[in-house]
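File shown: structure38.cif (mmCIF, C-alpha atoms and all ligand atoms).
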data_work
loop_
_atom_site.label_atom_id
_atom_site.label_comp_id
_atom_site.auth_asym_id
_atom_site.auth_seq_id
_atom_site.Cartn_x
_atom_site.Cartn_y
_atom_site.Cartn_z
CA MET A 1 23.88 -64.61 -4.77
CA GLY A 2 22.59 -61.30 -6.18
CA PHE A 3 21.24 -58.20 -4.53
CA LEU A 4 17.63 -59.13 -5.09
CA THR A 5 17.40 -62.36 -3.14
CA ASN A 6 14.42 -61.02 -1.24
CA GLU A 7 11.94 -63.65 -2.37
CA GLY A 8 10.21 -65.33 0.53
CA GLN A 9 11.31 -62.67 3.01
CA THR A 10 8.57 -61.04 5.02
CA TYR A 11 8.47 -57.33 5.63
CA SER A 12 6.63 -55.85 8.59
CA ARG A 13 6.30 -52.08 8.56
CA GLY A 14 7.43 -50.74 11.94
CA LEU A 15 8.31 -54.37 12.87
CA GLU A 16 4.66 -54.92 13.82
CA GLY A 17 4.14 -58.45 15.07
CA VAL A 18 7.84 -59.33 14.82
CA VAL A 19 9.20 -61.22 17.82
CA ALA A 20 12.71 -59.92 18.52
CA ALA A 21 13.52 -61.58 21.87
CA ILE A 22 12.39 -64.01 24.52
CA SER A 23 11.94 -62.30 27.87
CA ALA A 24 10.66 -62.99 31.37
CA VAL A 25 10.56 -59.30 32.37
CA SER A 26 7.09 -58.05 31.45
CA ALA A 27 4.15 -58.84 29.20
CA ILE A 28 1.12 -57.05 27.82
CA ASP A 29 -2.24 -58.54 26.93
CA GLY A 30 -3.42 -55.88 24.51
CA GLN A 31 -6.92 -57.30 24.11
CA GLU A 32 -7.64 -57.59 27.83
CA GLY A 33 -5.72 -54.42 28.78
CA ARG A 34 -3.44 -56.29 31.16
CA LEU A 35 0.20 -55.61 32.05
CA ILE A 36 2.37 -57.85 34.22
CA TYR A 37 5.90 -57.36 35.56
CA ARG A 38 7.46 -60.78 36.13
CA GLY A 39 3.99 -62.28 36.44
CA VAL A 40 2.54 -59.75 38.89
CA ASP A 41 -0.30 -57.50 37.70
CA ILE A 42 0.57 -53.83 37.48
CA GLU A 43 -2.47 -52.97 39.64
CA ALA A 44 -1.01 -54.96 42.56
CA LEU A 45 2.41 -53.32 42.21
CA ALA A 46 0.80 -49.87 42.02
CA GLU A 47 -1.22 -50.61 45.12
CA TYR A 48 1.36 -52.26 47.35
CA SER A 49 4.89 -51.83 46.00
CA THR A 50 7.40 -48.99 45.84
CA PHE A 51 9.86 -47.78 43.21
CA GLU A 52 12.75 -49.41 45.08
CA GLU A 53 10.98 -52.75 45.51
CA THR A 54 9.69 -52.97 41.93
CA ALA A 55 13.09 -51.96 40.54
CA TYR A 56 14.71 -54.77 42.54
CA PHE A 57 12.00 -57.18 41.38
CA LEU A 58 12.58 -56.34 37.73
CA LEU A 59 16.38 -56.32 37.94
CA PHE A 60 16.87 -59.47 39.99
CA GLY A 61 13.75 -61.48 39.15
CA SER A 62 12.23 -62.01 42.59
CA LEU A 63 10.66 -59.78 45.23
CA PRO A 64 13.27 -58.78 47.81
CA ASN A 65 13.06 -59.79 51.46
CA LYS A 66 13.39 -57.00 54.05
CA SER A 67 17.17 -56.97 54.26
CA GLU A 68 17.62 -57.25 50.48
CA LEU A 69 15.28 -54.29 50.03
CA GLU A 70 17.08 -52.26 52.67
CA GLN A 71 20.44 -52.98 51.09
CA PHE A 72 19.22 -52.18 47.57
CA SER A 73 17.53 -48.95 48.75
CA ALA A 74 20.78 -47.93 50.47
CA GLU A 75 22.75 -48.66 47.30
CA LEU A 76 20.42 -46.40 45.33
CA ARG A 77 20.52 -43.70 48.00
CA ASP A 78 24.32 -43.75 48.19
CA ALA A 79 24.66 -43.37 44.42
CA ARG A 80 22.43 -40.28 44.02
CA GLU A 81 25.19 -37.68 43.89
CA ILE A 82 26.74 -36.91 40.52
CA HIS A 83 30.42 -36.18 39.86
CA PRO A 84 31.45 -32.57 40.76
CA ARG A 85 32.81 -31.95 37.25
CA VAL A 86 29.46 -32.98 35.77
CA LYS A 87 27.71 -30.56 38.16
CA GLU A 88 29.99 -27.77 36.99
CA HIS A 89 29.24 -28.68 33.40
CA LEU A 90 25.48 -28.46 34.07
CA LYS A 91 25.97 -24.84 35.14
CA VAL A 92 27.46 -23.81 31.81
CA LEU A 93 24.93 -25.48 29.55
CA PRO A 94 22.52 -23.28 27.60
CA SER A 95 19.14 -22.84 29.31
CA ASP A 96 16.97 -23.63 26.30
CA PRO A 97 17.66 -27.23 25.18
CA HIS A 98 15.03 -29.86 25.83
CA PRO A 99 15.87 -31.60 29.15
CA MET A 100 15.85 -34.97 27.31
CA ASP A 101 18.85 -33.72 25.31
CA VAL A 102 20.56 -32.72 28.54
CA LEU A 103 19.80 -36.13 30.05
CA LYS A 104 21.47 -37.82 27.05
CA LEU A 105 24.49 -35.57 27.36
CA VAL A 106 24.88 -35.95 31.13
CA VAL A 107 24.53 -39.74 31.09
CA SER A 108 27.33 -39.81 28.49
CA HIS A 109 29.37 -37.44 30.63
CA LEU A 110 28.86 -39.51 33.80
CA ALA A 111 30.09 -42.58 31.93
CA LEU A 112 33.52 -40.94 31.75
CA TYR A 113 33.76 -40.81 35.55
CA ASP A 114 32.12 -44.14 36.35
CA PRO A 115 34.38 -46.14 38.69
CA ASP A 116 33.71 -49.25 36.59
CA LYS A 117 34.25 -47.56 33.24
CA GLN A 118 36.98 -49.98 32.15
CA ARG A 119 35.00 -53.05 33.16
CA MET A 120 32.54 -54.85 30.92
CA ASP A 121 31.71 -57.86 33.12
CA ARG A 122 28.16 -58.55 34.32
CA GLU A 123 28.72 -57.43 37.92
CA ALA A 124 30.14 -54.10 36.72
CA LYS A 125 27.19 -53.69 34.35
CA ILE A 126 24.77 -54.22 37.26
CA ARG A 127 26.62 -51.65 39.39
CA LYS A 128 26.61 -49.12 36.54
CA SER A 129 22.90 -49.75 36.00
CA ILE A 130 22.05 -49.15 39.66
CA ARG A 131 24.17 -45.99 39.74
CA THR A 132 22.49 -44.62 36.64
CA ILE A 133 18.99 -45.39 37.98
CA ALA A 134 19.95 -43.50 41.17
CA GLN A 135 21.43 -40.54 39.27
CA PHE A 136 18.55 -39.82 36.85
CA PRO A 137 16.51 -37.78 39.40
CA THR A 138 19.59 -35.79 40.41
CA ILE A 139 20.47 -34.97 36.80
CA ILE A 140 16.94 -33.80 36.02
CA ALA A 141 16.43 -31.76 39.20
CA HIS A 142 19.91 -30.20 39.04
CA TYR A 143 19.50 -29.20 35.40
CA ASN A 144 16.18 -27.57 36.22
CA HIS A 145 17.90 -25.41 38.84
CA ALA A 146 20.96 -24.75 36.68
CA ARG A 147 18.89 -23.45 33.77
CA HIS A 148 17.18 -20.97 36.08
CA GLY A 149 20.47 -19.85 37.62
CA GLU A 150 19.52 -21.42 40.96
CA GLU A 151 21.61 -23.42 43.45
CA PHE A 152 21.41 -27.21 43.33
CA ILE A 153 19.44 -28.88 46.10
CA PRO A 154 21.49 -31.90 47.26
CA PRO A 155 19.78 -35.29 47.53
CA ASN A 156 18.16 -35.99 50.91
CA PRO A 157 19.12 -39.47 52.21
CA GLU A 158 16.10 -39.51 54.51
CA LEU A 159 13.74 -39.64 51.55
CA SER A 160 12.69 -42.38 49.14
CA HIS A 161 13.68 -42.27 45.46
CA ALA A 162 10.35 -40.66 44.50
CA ALA A 163 10.07 -38.22 47.42
CA ASN A 164 13.70 -37.19 47.07
CA PHE A 165 13.19 -36.20 43.43
CA LEU A 166 10.22 -33.95 44.31
CA TYR A 167 12.28 -32.48 47.13
CA MET A 168 15.34 -31.82 44.93
CA LEU A 169 13.09 -30.26 42.30
CA THR A 170 10.89 -28.03 44.46
CA GLY A 171 12.91 -27.57 47.65
CA ASN A 172 9.95 -28.86 49.70
CA VAL A 173 9.57 -32.31 51.20
CA PRO A 174 6.37 -33.53 49.53
CA ASP A 175 3.43 -34.65 51.64
CA GLU A 176 3.00 -38.40 51.92
CA GLU A 177 0.18 -38.58 49.41
CA ASN A 178 2.02 -36.67 46.67
CA ALA A 179 5.20 -38.68 47.22
CA ARG A 180 3.19 -41.90 46.99
CA ILE A 181 1.41 -40.84 43.80
CA PHE A 182 4.72 -39.97 42.18
CA ASP A 183 6.17 -43.30 43.34
CA ILE A 184 3.25 -45.08 41.66
CA ALA A 185 3.73 -43.09 38.45
CA LEU A 186 7.36 -44.27 38.34
CA ILE A 187 6.30 -47.89 38.89
CA LEU A 188 3.76 -47.62 36.07
CA HIS A 189 6.40 -46.35 33.64
CA MET A 190 9.12 -48.81 34.61
CA ASP A 191 8.70 -51.41 31.92
CA HIS A 192 6.54 -52.23 28.94
CA GLY A 193 7.72 -55.19 26.90
CA MET A 194 9.54 -54.57 23.65
CA ASN A 195 8.73 -50.88 23.30
CA ALA A 196 10.78 -48.68 20.95
CA SER A 197 13.21 -47.27 23.53
CA THR A 198 13.81 -50.66 25.16
CA PHE A 199 14.49 -52.14 21.74
CA ALA A 200 16.91 -49.29 21.03
CA THR A 201 18.88 -49.95 24.23
CA MET A 202 18.98 -53.65 23.38
CA VAL A 203 20.22 -53.04 19.85
CA THR A 204 23.08 -50.94 21.22
CA ALA A 205 23.92 -53.43 23.97
CA SER A 206 23.78 -56.36 21.53
CA THR A 207 26.94 -55.03 19.84
CA LEU A 208 28.62 -55.45 23.27
CA SER A 209 28.81 -51.70 23.64
CA ASP A 210 28.68 -50.29 27.19
CA ILE A 211 25.59 -49.83 29.36
CA HIS A 212 25.77 -46.01 29.32
CA SER A 213 25.70 -46.00 25.52
CA ALA A 214 22.68 -48.32 25.58
CA ILE A 215 20.86 -45.99 28.00
CA VAL A 216 21.68 -42.97 25.83
CA SER A 217 20.08 -44.78 22.86
CA GLY A 218 17.00 -45.34 25.01
CA ILE A 219 16.78 -41.67 26.02
CA GLY A 220 17.03 -40.51 22.41
CA THR A 221 14.33 -42.94 21.34
CA LEU A 222 11.95 -42.17 24.19
CA LYS A 223 12.11 -38.46 23.40
CA GLY A 224 9.98 -38.66 20.26
CA PRO A 225 6.31 -37.59 20.33
CA LEU A 226 5.12 -41.01 19.18
CA HIS A 227 6.66 -42.53 22.33
CA GLY A 228 7.48 -40.81 25.67
CA GLY A 229 7.27 -37.31 24.22
CA ALA A 230 3.48 -37.58 24.01
CA ASN A 231 2.86 -36.75 27.71
CA GLU A 232 4.20 -33.21 27.35
CA ARG A 233 2.13 -32.65 24.23
CA VAL A 234 -1.08 -33.70 25.95
CA LEU A 235 -0.96 -30.62 28.18
CA LYS A 236 -0.09 -28.43 25.20
CA MET A 237 -3.20 -29.78 23.52
CA LEU A 238 -5.33 -29.08 26.63
CA ASP A 239 -3.97 -25.52 26.62
CA GLU A 240 -4.89 -25.14 22.98
CA ILE A 241 -8.42 -26.43 23.61
CA GLY A 242 -8.81 -24.07 26.57
CA SER A 243 -12.13 -25.27 28.04
CA VAL A 244 -14.24 -28.40 28.39
CA GLU A 245 -16.92 -26.88 26.13
CA LYS A 246 -14.49 -26.78 23.22
CA ALA A 247 -13.10 -30.30 23.70
CA GLU A 248 -15.59 -32.20 21.54
CA GLU A 249 -15.28 -29.86 18.59
CA PHE A 250 -11.47 -30.01 18.82
CA VAL A 251 -11.42 -33.82 18.79
CA LEU A 252 -13.91 -34.12 15.93
CA LYS A 253 -12.03 -31.56 13.84
CA SER A 254 -8.67 -33.27 14.51
CA LEU A 255 -10.06 -36.67 13.56
CA GLN A 256 -11.61 -35.22 10.43
CA GLU A 257 -8.23 -33.74 9.48
CA ARG A 258 -6.62 -37.11 10.30
CA LYS A 259 -4.51 -35.54 13.05
CA LYS A 260 -3.56 -37.73 15.97
CA ILE A 261 -4.74 -36.97 19.47
CA MET A 262 -1.73 -37.26 21.76
CA GLY A 263 -2.05 -39.77 24.59
CA PHE A 264 -4.32 -42.11 22.59
CA GLY A 265 -3.63 -45.30 20.68
CA HIS A 266 -1.04 -47.98 21.12
CA ARG A 267 0.62 -50.62 18.96
CA VAL A 268 -0.22 -53.40 21.44
CA TYR A 269 -3.20 -52.24 23.50
CA LYS A 270 -6.47 -52.44 21.66
CA SER A 271 -8.35 -51.76 24.89
CA TYR A 272 -7.91 -49.40 27.84
CA ASP A 273 -4.28 -49.15 28.97
CA PRO A 274 -4.32 -50.27 32.64
CA ARG A 275 -1.69 -47.65 33.49
CA ALA A 276 -3.94 -44.90 32.15
CA ARG A 277 -6.81 -46.18 34.31
CA ILE A 278 -4.65 -45.93 37.45
CA LEU A 279 -3.23 -42.51 36.55
CA LYS A 280 -6.70 -41.17 35.73
CA GLN A 281 -7.78 -41.99 39.27
CA TYR A 282 -4.82 -40.03 40.70
CA ALA A 283 -5.35 -37.15 38.27
CA GLU A 284 -8.92 -36.96 39.63
CA ARG A 285 -7.72 -37.13 43.22
CA LEU A 286 -5.14 -34.34 42.76
CA SER A 287 -7.61 -32.14 40.84
CA GLU A 288 -9.96 -32.42 43.78
CA LYS A 289 -7.17 -31.84 46.32
CA TYR A 290 -6.00 -28.65 44.61
CA GLY A 291 -9.51 -27.49 43.70
CA ASP A 292 -8.76 -27.23 39.99
CA THR A 293 -10.81 -29.60 37.85
CA LYS A 294 -10.40 -27.86 34.50
CA TRP A 295 -7.74 -30.27 33.16
CA ILE A 296 -9.36 -33.48 34.30
CA GLU A 297 -12.78 -32.39 33.00
CA MET A 298 -11.24 -31.67 29.61
CA GLY A 299 -9.38 -34.97 29.72
CA LYS A 300 -12.51 -36.93 30.52
CA LYS A 301 -14.47 -35.21 27.74
CA ILE A 302 -11.73 -35.96 25.19
CA GLU A 303 -11.69 -39.57 26.34
CA GLU A 304 -15.48 -39.83 25.99
CA VAL A 305 -15.46 -38.42 22.45
CA MET A 306 -12.45 -40.50 21.36
CA ILE A 307 -13.94 -43.76 22.64
CA ARG A 308 -17.26 -42.95 20.97
CA GLU A 309 -15.61 -42.02 17.66
CA VAL A 310 -12.62 -44.37 17.36
CA GLY A 311 -12.87 -46.84 20.27
CA ARG A 312 -14.03 -49.51 17.79
CA LYS A 313 -10.62 -49.19 16.09
CA GLY A 314 -8.98 -50.04 19.42
CA ILE A 315 -7.94 -46.48 20.22
CA PHE A 316 -8.08 -45.70 23.96
CA PRO A 317 -6.10 -43.48 26.35
CA ASN A 318 -2.52 -44.65 26.88
CA VAL A 319 -0.16 -44.03 29.82
CA ASP A 320 0.72 -40.56 28.54
CA PHE A 321 -2.82 -39.16 28.59
CA TYR A 322 -3.41 -38.65 32.31
CA SER A 323 0.20 -38.63 33.55
CA GLY A 324 0.68 -34.98 32.54
CA ILE A 325 -2.24 -33.86 34.70
CA VAL A 326 -0.76 -35.75 37.67
CA TYR A 327 2.70 -34.19 37.14
CA HIS A 328 1.19 -30.72 36.75
CA PHE A 329 -0.32 -30.91 40.24
CA LEU A 330 2.95 -32.26 41.67
CA GLY A 331 4.62 -29.01 40.56
CA ILE A 332 6.66 -30.52 37.74
CA PRO A 333 7.47 -28.30 34.73
CA ARG A 334 6.08 -29.65 31.48
CA ASP A 335 9.32 -30.24 29.68
CA LEU A 336 10.37 -32.56 32.52
CA PHE A 337 7.45 -34.95 31.90
CA THR A 338 9.38 -37.06 29.38
CA PRO A 339 12.58 -37.14 31.51
CA ILE A 340 10.36 -38.40 34.34
CA PHE A 341 9.11 -41.15 32.07
CA ALA A 342 12.80 -41.99 31.51
CA MET A 343 13.41 -41.95 35.28
CA GLY A 344 11.03 -44.92 35.57
CA ARG A 345 11.82 -46.63 32.26
CA VAL A 346 15.58 -46.72 32.80
CA VAL A 347 14.94 -49.67 35.11
CA GLY A 348 13.23 -51.58 32.29
CA TRP A 349 15.97 -50.66 29.82
CA VAL A 350 18.82 -52.03 31.91
CA THR A 351 16.80 -55.09 32.98
CA HIS A 352 16.15 -56.06 29.37
CA VAL A 353 19.77 -55.41 28.43
CA LEU A 354 21.09 -57.56 31.29
CA GLU A 355 18.63 -60.33 30.40
CA TYR A 356 19.41 -60.23 26.68
CA LEU A 357 23.18 -60.26 27.22
CA GLN A 358 22.92 -63.64 28.91
CA ALA A 359 22.29 -65.17 25.49
CA ASN A 360 23.40 -62.29 23.32
CA ARG A 361 23.22 -62.22 19.56
CA ILE A 362 23.77 -58.98 17.67
CA PHE A 363 20.55 -57.49 16.24
CA ARG A 364 20.99 -57.29 12.51
CA PRO A 365 17.77 -57.25 10.46
CA ARG A 366 17.65 -56.73 6.72
CA ALA A 367 15.97 -54.34 4.35
CA ILE A 368 14.44 -55.23 1.02
CA TYR A 369 16.38 -53.33 -1.62
CA ASN A 370 14.09 -51.66 -4.12
CA GLY A 371 16.58 -49.30 -5.72
CA PRO A 372 18.04 -49.48 -9.22
CA LEU A 373 20.69 -51.94 -10.39
CA ASP A 374 23.60 -51.61 -12.78
CA VAL A 375 23.75 -47.82 -12.60
CA GLU A 376 26.78 -46.48 -14.40
CA TYR A 377 29.11 -44.30 -12.32
CA ILE A 378 29.54 -40.90 -13.96
CA PRO A 379 32.62 -38.89 -12.91
CA ILE A 380 31.77 -35.52 -11.35
CA GLU A 381 33.08 -33.44 -14.27
CA LYS A 382 30.66 -35.22 -16.60
CA ARG A 383 27.51 -34.82 -14.46
N1 LIG B 1 -5.47 -40.27 17.41
C1 LIG B 1 -6.20 -40.51 16.30
N2 LIG B 1 -6.06 -41.60 15.54
C2 LIG B 1 -5.14 -42.50 15.90
C3 LIG B 1 -4.33 -42.32 17.04
C4 LIG B 1 -4.53 -41.15 17.81
N3 LIG B 1 -3.78 -40.91 18.89
N4 LIG B 1 -3.49 -43.36 17.15
C5 LIG B 1 -3.74 -44.17 16.13
N5 LIG B 1 -4.73 -43.65 15.36
C6 LIG B 1 -5.29 -44.25 14.13
C7 LIG B 1 -4.37 -43.96 12.93
O1 LIG B 1 -4.71 -42.75 12.30
C8 LIG B 1 -4.61 -45.18 12.08
O2 LIG B 1 -5.87 -45.02 11.45
P1 LIG B 1 -6.17 -45.62 9.96
O3 LIG B 1 -6.00 -47.10 10.12
O4 LIG B 1 -7.52 -45.17 9.68
O5 LIG B 1 -5.11 -45.02 9.10
C9 LIG B 1 -4.76 -46.31 13.11
O6 LIG B 1 -5.25 -45.68 14.28
C10 LIG B 1 -3.46 -47.04 13.40
O7 LIG B 1 -2.49 -46.05 13.80
P2 LIG B 1 -0.92 -46.21 13.60
O8 LIG B 1 -0.29 -44.87 13.78
O9 LIG B 1 -0.64 -46.96 12.34
O10 LIG B 1 -0.57 -47.16 14.81
P3 LIG B 1 0.87 -47.52 15.33
O11 LIG B 1 0.71 -48.81 16.03
O12 LIG B 1 1.88 -47.45 14.24
O13 LIG B 1 1.21 -46.34 16.34
C11 LIG B 1 1.11 -44.94 18.23
C12 LIG B 1 0.96 -46.38 17.70
C13 LIG B 1 2.42 -44.37 17.73
C14 LIG B 1 1.13 -44.96 19.73
C15 LIG B 1 -0.09 -44.10 17.72
O14 LIG B 1 -1.29 -44.58 18.27
C16 LIG B 1 0.08 -42.62 18.03
O15 LIG B 1 0.73 -41.91 17.25
N6 LIG B 1 -0.51 -42.12 19.18
C17 LIG B 1 -0.34 -40.73 19.55
C18 LIG B 1 1.01 -40.54 20.23
C19 LIG B 1 1.06 -41.16 21.61
O16 LIG B 1 0.18 -41.00 22.43
N7 LIG B 1 2.17 -41.86 21.86
C20 LIG B 1 2.42 -42.53 23.15
C21 LIG B 1 2.29 -43.99 22.97
S1 LIG B 1 2.42 -44.86 24.46
C22 LIG B 1 4.02 -44.72 24.88
O17 LIG B 1 4.93 -44.74 24.14
C23 LIG B 1 4.24 -44.48 26.19
#

Rewrite the coordinates I just gave you, this time as structure tokens.
Ligand code: ACO
Amino acid sequence: MGFLTNEGQTYSRGLEGVVAAISAVSAIDGQEGRLIYRGVDIEALAEYSTFEETAYFLLFGSLPNKSELEQFSAELRDAREIHPRVKEHLKVLPSDPHPMDVLKLVVSHLALYDPDKQRMDREAKIRKSIRTIAQFPTIIAHYNHARHGEEFIPPNPELSHAANFLYMLTGNVPDEENARIFDIALILHMDHGMNASTFATMVTASTLSDIHSAIVSGIGTLKGPLHGGANERVLKMLDEIGSVEKAEEFVLKSLQERKKIMGFGHRVYKSYDPRARILKQYAERLSEKYGDTKWIEMGKKIEEVMIREVGRKGIFPNVDFYSGIVYHFLGIPRDLFTPIFAMGRVVGWVTHVLEYLQANRIFRPRAIYNGPLDVEYIPIEKR
């Protein structure tokens, strides 16, 4: 066996088309623009379900009955608080890091205080997963207050997962419509097949590392602008464009310079992302409600030009394009958009990890070596 036994091996750049697992969690039909969670279309979940119910559905594989849902919601509610030492730590962090970096740090920190930290069995992994799902909103809202030198707003047990986050962030109990729209946004972000951050969590978990480490891998991977970081950049782009009249010229110039338009394109979808269609509708509704249509008008113009120019290449708006406009009207600071994506996606991460661990095999792909052979080692004094 030599180093160059690569004959017959296939290489797929960016693992395109490679099947890395068998999963019953979610599936995407990229041609039809269809997304299902455990067989149910995303449109139905967005219309009728809640964060708590969909999270249960993903984690445990079937829709909960009333008492199961009540119990699961209570478990989430009871786990919202974070350890006092971690709260103190939040207060001494610098105020300028990206909140995704803080999320990574705090999840690692919370792992040190987790009551099941010494346990690696499945039941303990499920408990740690539920606790972490419950704690994400608290971490994000608390850090936002800490970095502005403000007091933390404790979780409100009367409120749902979605409404409680908006409350902890803004200090106001959101109206029913805003809470519901945010709940839907979390459902839409909860899972998406073998996306980069889910794969990252699975790679970490496949070494039989702990669930917190797997989640930290997911956070770090989601942060990048080609993945969850795109939502924040969409609003930056809208700022740069400035007005609907300038949108067409901006898109044409960017395409000419081969620059990517954030919030467009997808490895799997070659048609309209169904999540973007739902979020667009809520971005329109909130623009109308708050009497500020500048963002949505710009968004719609960019969409029109992009579909006209590159729609034939399968480039359409993805989930990140309209979500930023929705979050803007819900009073969420821009650098929290990607942490909010993580707040939904953490459910998908742990679900895939728990599923994969039932028939675990360490992920260990190969690379084709194309470097030199038989290079003589030259001692440093002779170089
Ligand atoms: N704007 C302009 N052109 C685009 C865009 C875009 N947003 N996305 C893809 N293209 C073009 C590429 O330039 C390339 O064109 P070419 O074949 O003429 O060279 C072709 O479409 C294929 O693009 P790739 O980057 O190779 O596609 P890939 O599957 O590797 O990447 C990705 C998918 C990363 C999502 C890409 O479309 C992109 O960078 N989009 C912008 C960032 C973004 O919105 N990310 C969020 C994705 S969804 C999510 O993670 C939640």

Give me the residues of stretch 183-256 of chain A that have any atom at most 7 Å from an atom of stretch 351-358 of chain A; for each, the nearest atom pair and the distance in Å, rounded to one decimal. Use only C-alpha atoms, sort by chain and number, and format it as a Markdown table.
| residue | atom | partner | partner_atom | distance |
| --- | --- | --- | --- | --- |
| A:Thr201 | CA | A:Val353 | CA | 6.9 |
| A:Met202 | CA | A:Val353 | CA | 5.4 |
| A:Ala205 | CA | A:Val353 | CA | 6.4 |
| A:Ser206 | CA | A:Leu357 | CA | 6.9 |

Write the selection just made, keeping C-alpha atoms, as a short mmCIF file (atom, residue, chain, number, x, y, z; two decimals), keeping the file's coordinate frame?
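Output contents, as saved in again-v9.cif:
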data_model
loop_
_atom_site.label_atom_id
_atom_site.label_comp_id
_atom_site.auth_asym_id
_atom_site.auth_seq_id
_atom_site.Cartn_x
_atom_site.Cartn_y
_atom_site.Cartn_z
CA THR A 201 18.88 -49.95 24.23
CA MET A 202 18.98 -53.65 23.38
CA ALA A 205 23.92 -53.43 23.97
CA SER A 206 23.78 -56.36 21.53
#

* Asked: Can you tell me which residues sit at most 9 Å away from ligand LIG 1 (chain B), counting only C-alpha atoms and all ligand atoms, written as a VMD selection string?
  -> chain A and resid 13 to 14 16 189 192 195 to 197 222 224 to 231 233 to 234 251 254 to 255 258 to 268 306 310 313 to 321 341

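Atom pair atom CA of A:Tyr48 / atom CA of A:Gly299: separated by 26.9 Å.
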
* Would you mind listing what lies within 12 Å of A:Asp239 as number ranges by chain, with only C-alpha atoms counted and same-chain residues fewer than 3 positions away left out? => A: 232-236, 242-244, 246-247, 250, 294-295, 298-299, 325, 334

* Given all atoms listed in the file as the counted atoms, nearest of A:Met120, A:Leu166, A:Ile181, A:Ala55 to A:Pro333 ->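 Among the listed residues, A:Leu166 lies closest to A:Pro333.
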
Give me the residues near A:Ser23 as a compact mmCIF listing (two decimals) with C-alpha atoms, in the coordinates of the input, where near means some atom within 10 Å (using all atoms listed in the file) and where sequence neighbours in that chain fewer than 2 positions away do not count.
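Generated output (result_7.txt):
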# COMPACT_ATOMS: atom_id res chain seq x y z
CA ALA A 20 12.71 -59.92 18.52
CA ALA A 21 13.52 -61.58 21.87
CA VAL A 25 10.56 -59.30 32.37
CA SER A 26 7.09 -58.05 31.45
CA ALA A 27 4.15 -58.84 29.20
CA ARG A 38 7.46 -60.78 36.13
CA GLY A 193 7.72 -55.19 26.90
CA MET A 194 9.54 -54.57 23.65
CA HIS A 352 16.15 -56.06 29.37
CA GLU A 355 18.63 -60.33 30.40
CA TYR A 356 19.41 -60.23 26.68
